[in-house]
Amino acid sequence: MFETIGIANGVRLHVNETKQFKTVNIALKFKTGLSAPKAAARSVLANVLQHSNEEYPSHTALRMVLDDLYGTSLYIDAAKRGTEHIVSLNVETVNDQYLSEDGVLEKVLNLMYLILFKPNMENGLFKETVFNREKNVVRQRIESIYDDKTRYAQHRLTELAFPGHPASVPANGTIGDLDGLTNEALLAVYQSMLKEDKIDIYVVGDFDAEKAAAYVRRYFHFDGREPEQALVHGDVPQPEKERVTENEEMKQGKLHIAYTTPVTFRDERFPVMQLLNGVFGGYAHSKLFMNVREKESMAYYVSSSYASQFGLLFVLAGIDQAMDEKAIRLIGEQLEEVKNGEISDEELGQTKALLTNQLKEALDSARGQIDIFDQYMGLTDEFDADYLISRWADVTKEDIAAAAAELELHMIYFLTGKESEQRHA
């Protein structure tokens with residue numbers, strides 16, 4: 001799918017030369033070890049870099065130049081994946097060969113250079129008004145979790161179930177980390193990102209790989225580096241309590257359950273766990289959806305998700321506040337069915353088909369190709385979609401039952417309304 005070219009030590013270029021799109025998509029991904037203080041700082045940094053720079057010192061000026069470049073799309077985001085924190089500069093622009101004028105791509109690359117290397121500075125630091133504004137934007141983003149009770153419940157589950165573990169570190173850090181962030185500290189994080197992060201650069205479009213490499217070397221002067229090694233998170237820590245109930249002003253209960261599995265992303269049985277998750281609760285035909293929600297009318301929603309980097313399986317359910325015990329029992333019964341191999345041909349076939357279709361649909365977009373390759377390239381030296389599809393096709397009911405037998409209940413968290421406080425006291 002992608003041809004990989006080494007630019008410098010710790011800096012790689014991945015090019016998919018394809019006539020599938022009339023645009024050129026470029027992504028620069030800066031990767032470093034995950035920590036809450038670093039996550040907070042890099043989230044602010046992503047905002048600061050995106051909205052202005054030395055040549056275009058306001059968001060309005062920057063948007064105007066993007067409009068002049070045939071509506072070029074540009075954004076920077078910050079995210080976590082496993083033990084890594086990733087800041088991505090993403091661009092989509094029209095391919096020069098479809099225009100009456102040349103040089104548009106070079107103008108876009110120059111703009112990307114300005115954004116990365118010529119930020120909006122004042123007295124040797126980021127412009128104070130910009131720094132304070134974007135710090136406040138990230139604060140609002142962090143605080144918004146409290147208004148979304150499902151996200152809040154999942155946050156509390158990971159916080160309580162995995163103390164001190166990367167699984168509990170929010171992608172945007174914490175309010176405390178944000179409060180302690182100074183302009184000087186943000187500058188140090190920025191300089192470290194450019195000089196020390198592992199960098200993966202992606203180009204998708206009708207564009208020659210060697211030409212792409214020449215452009216990267218011309219516009220992005222990245223020296224070699226010894227990237228920080230991925231954190232070894234070790235064993236999953238045990239929570240202080242295996243079951244916790246907390247109360248908020250709300251009417252619908254939020255039941256969140258964490259299981260652990262020895263099967264992680266690089267395990268040979270990773271595709272088996274993907275199938276297990278789909279059969280158990282990942283789709284609308286899954287056991288949780290069909291039995292807990294549809295048959296028993298126990299949940300407003302119910303699903304499962306597999307966090308492969310850490311070997312964790314989560315179940316999320318919105319239920320009536322008085323129904324937690326019954327819901328926990330029913331969820332456990334569905335898992336027992338999977339452990340016993342009680343999986344119909346239809347359940348298994350639909351899950352394989354949906355996983356395959358989702359992967360193929362993602363690859364229909366340039367952005368999807370970049371995200372899929374960046375996520376899965378660690379599985380095999382030359383990753384392509386057929387690798388995963390063939391692995392899924394080989395998974396049997398017995399494989400899934402064996403993987404399910406290794407799941408262990410780690411913690412149950414229930415967020416409920418004030419009126420239920422007495423019952424759970």
# chains A, B, ... in the order shown; residues from 1 in each chain; ligands from 1
$ residues_around --residues "range 177-180 of chain A" --least-positions-apart "6" --cutoff "9 Å" --atoms "only C-alpha atoms" --output "VMD selection string"
chain A and resid 36 to 41 44 135 138 to 139
$ write_last_selection --atoms "N, CA and C atoms" --output "PDB file, in the first residue's frame"
ATOM      1  N   ALA A  36       0.376  12.389  31.291  1.00  0.00           N
ATOM      2  CA  ALA A  36      -0.685  13.392  31.406  1.00  0.00           C
ATOM      3  C   ALA A  36      -0.166  14.821  31.221  1.00  0.00           C
ATOM      4  N   PRO A  37       0.949  15.219  31.858  1.00  0.00           N
ATOM      5  CA  PRO A  37       1.440  16.591  31.638  1.00  0.00           C
ATOM      6  C   PRO A  37       1.798  16.845  30.175  1.00  0.00           C
ATOM      7  N   LYS A  38       2.430  15.853  29.531  1.00  0.00           N
ATOM      8  CA  LYS A  38       2.812  16.013  28.135  1.00  0.00           C
ATOM      9  C   LYS A  38       1.572  16.104  27.245  1.00  0.00           C
ATOM     10  N   ALA A  39       0.550  15.300  27.554  1.00  0.00           N
ATOM     11  CA  ALA A  39      -0.682  15.314  26.763  1.00  0.00           C
ATOM     12  C   ALA A  39      -1.354  16.682  26.828  1.00  0.00           C
ATOM     13  N   ALA A  40      -1.405  17.278  28.010  1.00  0.00           N
ATOM     14  CA  ALA A  40      -2.020  18.599  28.161  1.00  0.00           C
ATOM     15  C   ALA A  40      -1.262  19.640  27.346  1.00  0.00           C
ATOM     16  N   ALA A  41       0.069  19.623  27.461  1.00  0.00           N
ATOM     17  CA  ALA A  41       0.884  20.618  26.765  1.00  0.00           C
ATOM     18  C   ALA A  41       0.773  20.464  25.247  1.00  0.00           C
ATOM     19  N   VAL A  44      -2.509  21.783  23.793  1.00  0.00           N
ATOM     20  CA  VAL A  44      -2.466  23.246  23.656  1.00  0.00           C
ATOM     21  C   VAL A  44      -1.584  23.630  22.470  1.00  0.00           C
ATOM     22  N   LYS A 135      -5.120  27.671  25.570  1.00  0.00           N
ATOM     23  CA  LYS A 135      -5.116  26.943  26.844  1.00  0.00           C
ATOM     24  C   LYS A 135      -6.536  26.850  27.382  1.00  0.00           C
ATOM     25  N   VAL A 138      -8.600  24.229  25.404  1.00  0.00           N
ATOM     26  CA  VAL A 138      -8.337  22.856  25.855  1.00  0.00           C
ATOM     27  C   VAL A 138      -8.996  22.611  27.217  1.00  0.00           C
ATOM     28  N   ARG A 139      -8.996  23.622  28.070  1.00  0.00           N
ATOM     29  CA  ARG A 139      -9.682  23.494  29.363  1.00  0.00           C
ATOM     30  C   ARG A 139     -11.163  23.167  29.151  1.00  0.00           C
TER      31      ARG A 139
END
$ select_by_dssp --residues "range 138-320 of chain A" --states "alpha helix (DSSP H)" --output "NGL selection string"
:A and (138-143 or 149-161 or 175-179 or 183-196 or 209-219 or 270-277 or 287)
$ atom_distance --atom1 "CA of Lys254 in chain A" --atom2 "CA of Met411 in chain A"
13.9 Å
$ select_by_dssp --residues "range 197-297 of chain A" --states "strand (DSSP E)" --output "list in words"
Lys198, Ile199, Asp200, Ile201, Tyr202, Val203, Val204, Gly205, Arg243, Val244, Thr245, Glu246, Asn247, Glu248, Gln252, Gly253, Lys254, Leu255, His256, Ile257, Ala258, Tyr259 and Thr260 of chain A
$ write_last_selection --atoms "C-alpha atoms" --output "compact mmCIF listing (two decimals), in the first residue's frame"
# COMPACT_ATOMS: atom_id res chain seq x y z
CA LYS A 198 9.53 9.93 16.13
CA ILE A 199 8.00 11.30 12.91
CA ASP A 200 5.95 9.46 10.30
CA ILE A 201 5.09 11.47 7.18
CA TYR A 202 2.36 10.26 4.83
CA VAL A 203 1.60 11.27 1.25
CA VAL A 204 -1.37 9.83 -0.68
CA GLY A 205 -2.12 10.80 -4.27
CA ARG A 243 -16.94 -2.57 42.23
CA VAL A 244 -17.67 1.13 42.66
CA THR A 245 -20.96 3.05 42.55
CA GLU A 246 -20.98 6.84 42.30
CA ASN A 247 -23.83 9.33 42.13
CA GLU A 248 -24.57 12.31 39.89
CA GLN A 252 -30.18 7.09 33.36
CA GLY A 253 -27.63 4.80 34.98
CA LYS A 254 -24.26 4.22 33.28
CA LEU A 255 -22.86 0.73 33.78
CA HIS A 256 -19.24 0.31 32.67
CA ILE A 257 -17.27 -2.92 33.03
CA ALA A 258 -13.58 -3.65 32.37
CA TYR A 259 -12.11 -7.06 31.55
CA THR A 260 -8.46 -7.93 30.98
$ residues_around --residues "Val108 in chain A" --least-positions-apart "4" --cutoff "10 Å" --atoms "only C-alpha atoms" --output "PyMOL selection string"
chain A and resi 65-66+69+72-74+91-93+103-104+112-114
$ residues_around --residues "Glu398 in chain A" --least-positions-apart "5" --cutoff "12 Å" --atoms "only C-alpha atoms" --output "CSV table (one decimal) with C-alpha atoms, in the first residue's frame"
chain,number,residue,atom,x,y,z
A,272,VAL,CA,-9.3,-13.4,17.2
A,275,LEU,CA,-13.9,-11.2,16.2
A,276,LEU,CA,-14.6,-11.9,19.8
A,338,VAL,CA,-19.1,-16.9,24.0
A,339,LYS,CA,-16.7,-18.9,26.4
A,340,ASN,CA,-18.8,-22.0,25.7
A,341,GLY,CA,-18.5,-21.5,22.0
A,342,GLU,CA,-22.3,-20.9,21.6
A,343,ILE,CA,-21.8,-18.7,18.5
A,344,SER,CA,-24.0,-19.2,15.5
A,348,LEU,CA,-19.6,-15.3,13.1
A,403,ALA,CA,-9.7,-16.3,23.8
A,404,ALA,CA,-12.9,-15.6,25.8
A,405,ALA,CA,-11.9,-18.1,28.5
$ residues_around --residues "Asp374 in chain A" --least-positions-apart "4" --cutoff "10 Å" --atoms "only C-alpha atoms" --output "number ranges by chain"
A: 14, 29, 200-202, 368-370, 378, 383
$ atom_distance --atom1 "CA of Glu337 in chain A" --atom2 "CA of Ala167 in chain A"
27.9 Å
$ residues_around --residues "Asp394 in chain A" --least-positions-apart "2" --cutoff "10 Å" --atoms "only C-alpha atoms" --output "PyMOL selection string"
chain A and resi 271-272+352+389-392+396+399
$ atom_distance --atom1 "CA of Ser88 in chain A" --atom2 "CA of Asn25 in chain A"
12.6 Å
$ closest_residue --among "A:Glu294, A:Ala327, A:Asp208, A:Leu105" --to "Glu3 in chain A" --atoms "only C-alpha atoms"
A:Asp208
$ residues_around --residues "His410 in chain A" --least-positions-apart "5" --cutoff "12 Å" --atoms "only C-alpha atoms" --output "PyMOL selection string"
chain A and resi 157-158+160-162+236-244+256-261+311-315
$ closest_residue --among "A:Met121, A:Val24, A:Ile412, A:Val169" --to "Glu55 in chain A" --atoms "only C-alpha atoms"
A:Met121
